[in-house]
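**Q** The structure that follows is given in the form of C-alpha cells.
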Amino acid sequence: MTRTGWLVRMAACVGIDVLDFTVGRGLVAIPWEEGAGSLVLMLMWGPAGLLYLAEIADLTEQFDAFVPTATVIGLIAGWRHWRANRRSLPNP
C-alpha cells in the first residue's frame with residue numbers, strides 16, 4: 001500500500017465516522033449503517049473491518065460520539081501493514 005493509498009483509505013474512514021456521528025444518531029439507522037460501514041471497512045482493511053460491527057451492541061449510539069471506530073481501525077491496520085512491510089535498514 002502506498003502512502004497515497006493509505007491517505008485515501010483514511011479519508012474514507014473519517015467520512016464513515018462523520019456519517020456515523022450525524023446520520024447514525026437515529027435509532028432506526030443502527031443496523032443498516034453499521035453493517036454497510038463494516039462491509040466497506042472489511043473491503044479496505046480486511047478482517048480488521050469486522051471490528052466495526054461491535055458498534056451494533058451500543059443501542060444508544062453514545063459510544064460513537066467519543067470513539068471514531070472506523071478511523072481507529074484504519075490507523076491500527078495501516079500501522080500493522082507498514083510495520084510488516086518496512087525494509088530493514090543496514091546498521092551504520
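For the C-alpha cells, the naming scheme is as follows: chains receive sequential letters (A, B, ...) according to their order of presentation, residues are indexed from 1 within each chain, and ligands are indexed from 1 in presentation order.
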Considering only C-alpha atoms, return as a ChimeraX atom specification whatever protein or nucleic-acid residues lie within 10 Å of A:Ile73, sequence-local ones (same chain, fewer than 3 positions apart) excluded.
**A** /A:10,13,41,45,48-52,68-70,76-79
**Q** Using only C-alpha atoms, which of A:Ala36, A:Leu43, A:Arg86, A:Val72 sits nearest A:Val14?
**A** A:Val72
**Q** Using DSSP secondary structure from the backbone, list all alpha helix (DSSP H) positions within chain A, as a PyMOL selection string.
**A** chain A and resi 3-22+30-45+69-85
**Q** Print the selection's residues with C-alpha atoms to a file, as a PDB file, in the first residue's frame.
**A**
ATOM      1  CA  ARG A   3       1.192   6.485   1.140  1.00  0.00           C
ATOM      2  CA  THR A   4      -1.440   7.951  -1.191  1.00  0.00           C
ATOM      3  CA  GLY A   5      -3.478   4.747  -0.980  1.00  0.00           C
ATOM      4  CA  TRP A   6      -3.341   4.887   2.798  1.00  0.00           C
ATOM      5  CA  LEU A   7      -4.403   8.548   2.830  1.00  0.00           C
ATOM      6  CA  VAL A   8      -7.376   7.803   0.544  1.00  0.00           C
ATOM      7  CA  ARG A   9      -8.429   4.910   2.786  1.00  0.00           C
ATOM      8  CA  MET A  10      -8.087   7.070   5.891  1.00  0.00           C
ATOM      9  CA  ALA A  11     -10.202   9.792   4.272  1.00  0.00           C
ATOM     10  CA  ALA A  12     -12.889   7.177   3.639  1.00  0.00           C
ATOM     11  CA  CYS A  13     -12.657   6.058   7.284  1.00  0.00           C
ATOM     12  CA  VAL A  14     -13.075   9.629   8.505  1.00  0.00           C
ATOM     13  CA  GLY A  15     -16.055  10.017   6.150  1.00  0.00           C
ATOM     14  CA  ILE A  16     -17.655   6.866   7.566  1.00  0.00           C
ATOM     15  CA  ASP A  17     -17.180   8.203  11.098  1.00  0.00           C
ATOM     16  CA  VAL A  18     -18.650  11.604  10.195  1.00  0.00           C
ATOM     17  CA  LEU A  19     -21.704   9.897   8.712  1.00  0.00           C
ATOM     18  CA  ASP A  20     -21.948   7.720  11.791  1.00  0.00           C
ATOM     19  CA  PHE A  21     -21.744  10.753  14.090  1.00  0.00           C
ATOM     20  CA  THR A  22     -24.517  12.572  12.217  1.00  0.00           C
ATOM     21  CA  ILE A  30     -28.160   1.465  13.511  1.00  0.00           C
ATOM     22  CA  PRO A  31     -28.142  -1.961  11.837  1.00  0.00           C
ATOM     23  CA  TRP A  32     -28.028  -0.657   8.269  1.00  0.00           C
ATOM     24  CA  GLU A  33     -25.356   1.968   8.749  1.00  0.00           C
ATOM     25  CA  GLU A  34     -23.145  -0.225  10.928  1.00  0.00           C
ATOM     26  CA  GLY A  35     -23.493  -3.170   8.537  1.00  0.00           C
ATOM     27  CA  ALA A  36     -22.657  -1.082   5.479  1.00  0.00           C
ATOM     28  CA  GLY A  37     -19.743   0.570   7.282  1.00  0.00           C
ATOM     29  CA  SER A  38     -18.294  -2.757   8.358  1.00  0.00           C
ATOM     30  CA  LEU A  39     -18.596  -4.096   4.796  1.00  0.00           C
ATOM     31  CA  VAL A  40     -16.715  -1.095   3.384  1.00  0.00           C
ATOM     32  CA  LEU A  41     -14.067  -1.316   6.103  1.00  0.00           C
ATOM     33  CA  MET A  42     -13.652  -5.039   5.523  1.00  0.00           C
ATOM     34  CA  LEU A  43     -13.087  -4.395   1.812  1.00  0.00           C
ATOM     35  CA  MET A  44     -10.479  -1.736   2.622  1.00  0.00           C
ATOM     36  CA  TRP A  45      -8.676  -3.264   5.621  1.00  0.00           C
ATOM     37  CA  THR A  69     -14.120   3.486  15.451  1.00  0.00           C
ATOM     38  CA  ALA A  70     -13.533   3.444  11.681  1.00  0.00           C
ATOM     39  CA  THR A  71     -10.616   5.868  11.983  1.00  0.00           C
ATOM     40  CA  VAL A  72      -9.072   3.838  14.806  1.00  0.00           C
ATOM     41  CA  ILE A  73      -9.383   0.652  12.721  1.00  0.00           C
ATOM     42  CA  GLY A  74      -7.715   2.416   9.782  1.00  0.00           C
ATOM     43  CA  LEU A  75      -4.866   3.729  11.915  1.00  0.00           C
ATOM     44  CA  ILE A  76      -4.167   0.349  13.502  1.00  0.00           C
ATOM     45  CA  ALA A  77      -4.478  -1.636  10.260  1.00  0.00           C
ATOM     46  CA  GLY A  78      -2.284   0.866   8.397  1.00  0.00           C
ATOM     47  CA  TRP A  79       0.331   0.784  11.138  1.00  0.00           C
ATOM     48  CA  ARG A  80       0.379  -3.015  11.138  1.00  0.00           C
ATOM     49  CA  HIS A  81       0.746  -3.063   7.350  1.00  0.00           C
ATOM     50  CA  TRP A  82       3.599  -0.547   7.484  1.00  0.00           C
ATOM     51  CA  ARG A  83       5.337  -2.438  10.249  1.00  0.00           C
ATOM     52  CA  ALA A  84       5.054  -5.790   8.458  1.00  0.00           C
ATOM     53  CA  ASN A  85       6.333  -4.434   5.134  1.00  0.00           C
TER      54      ASN A  85
END
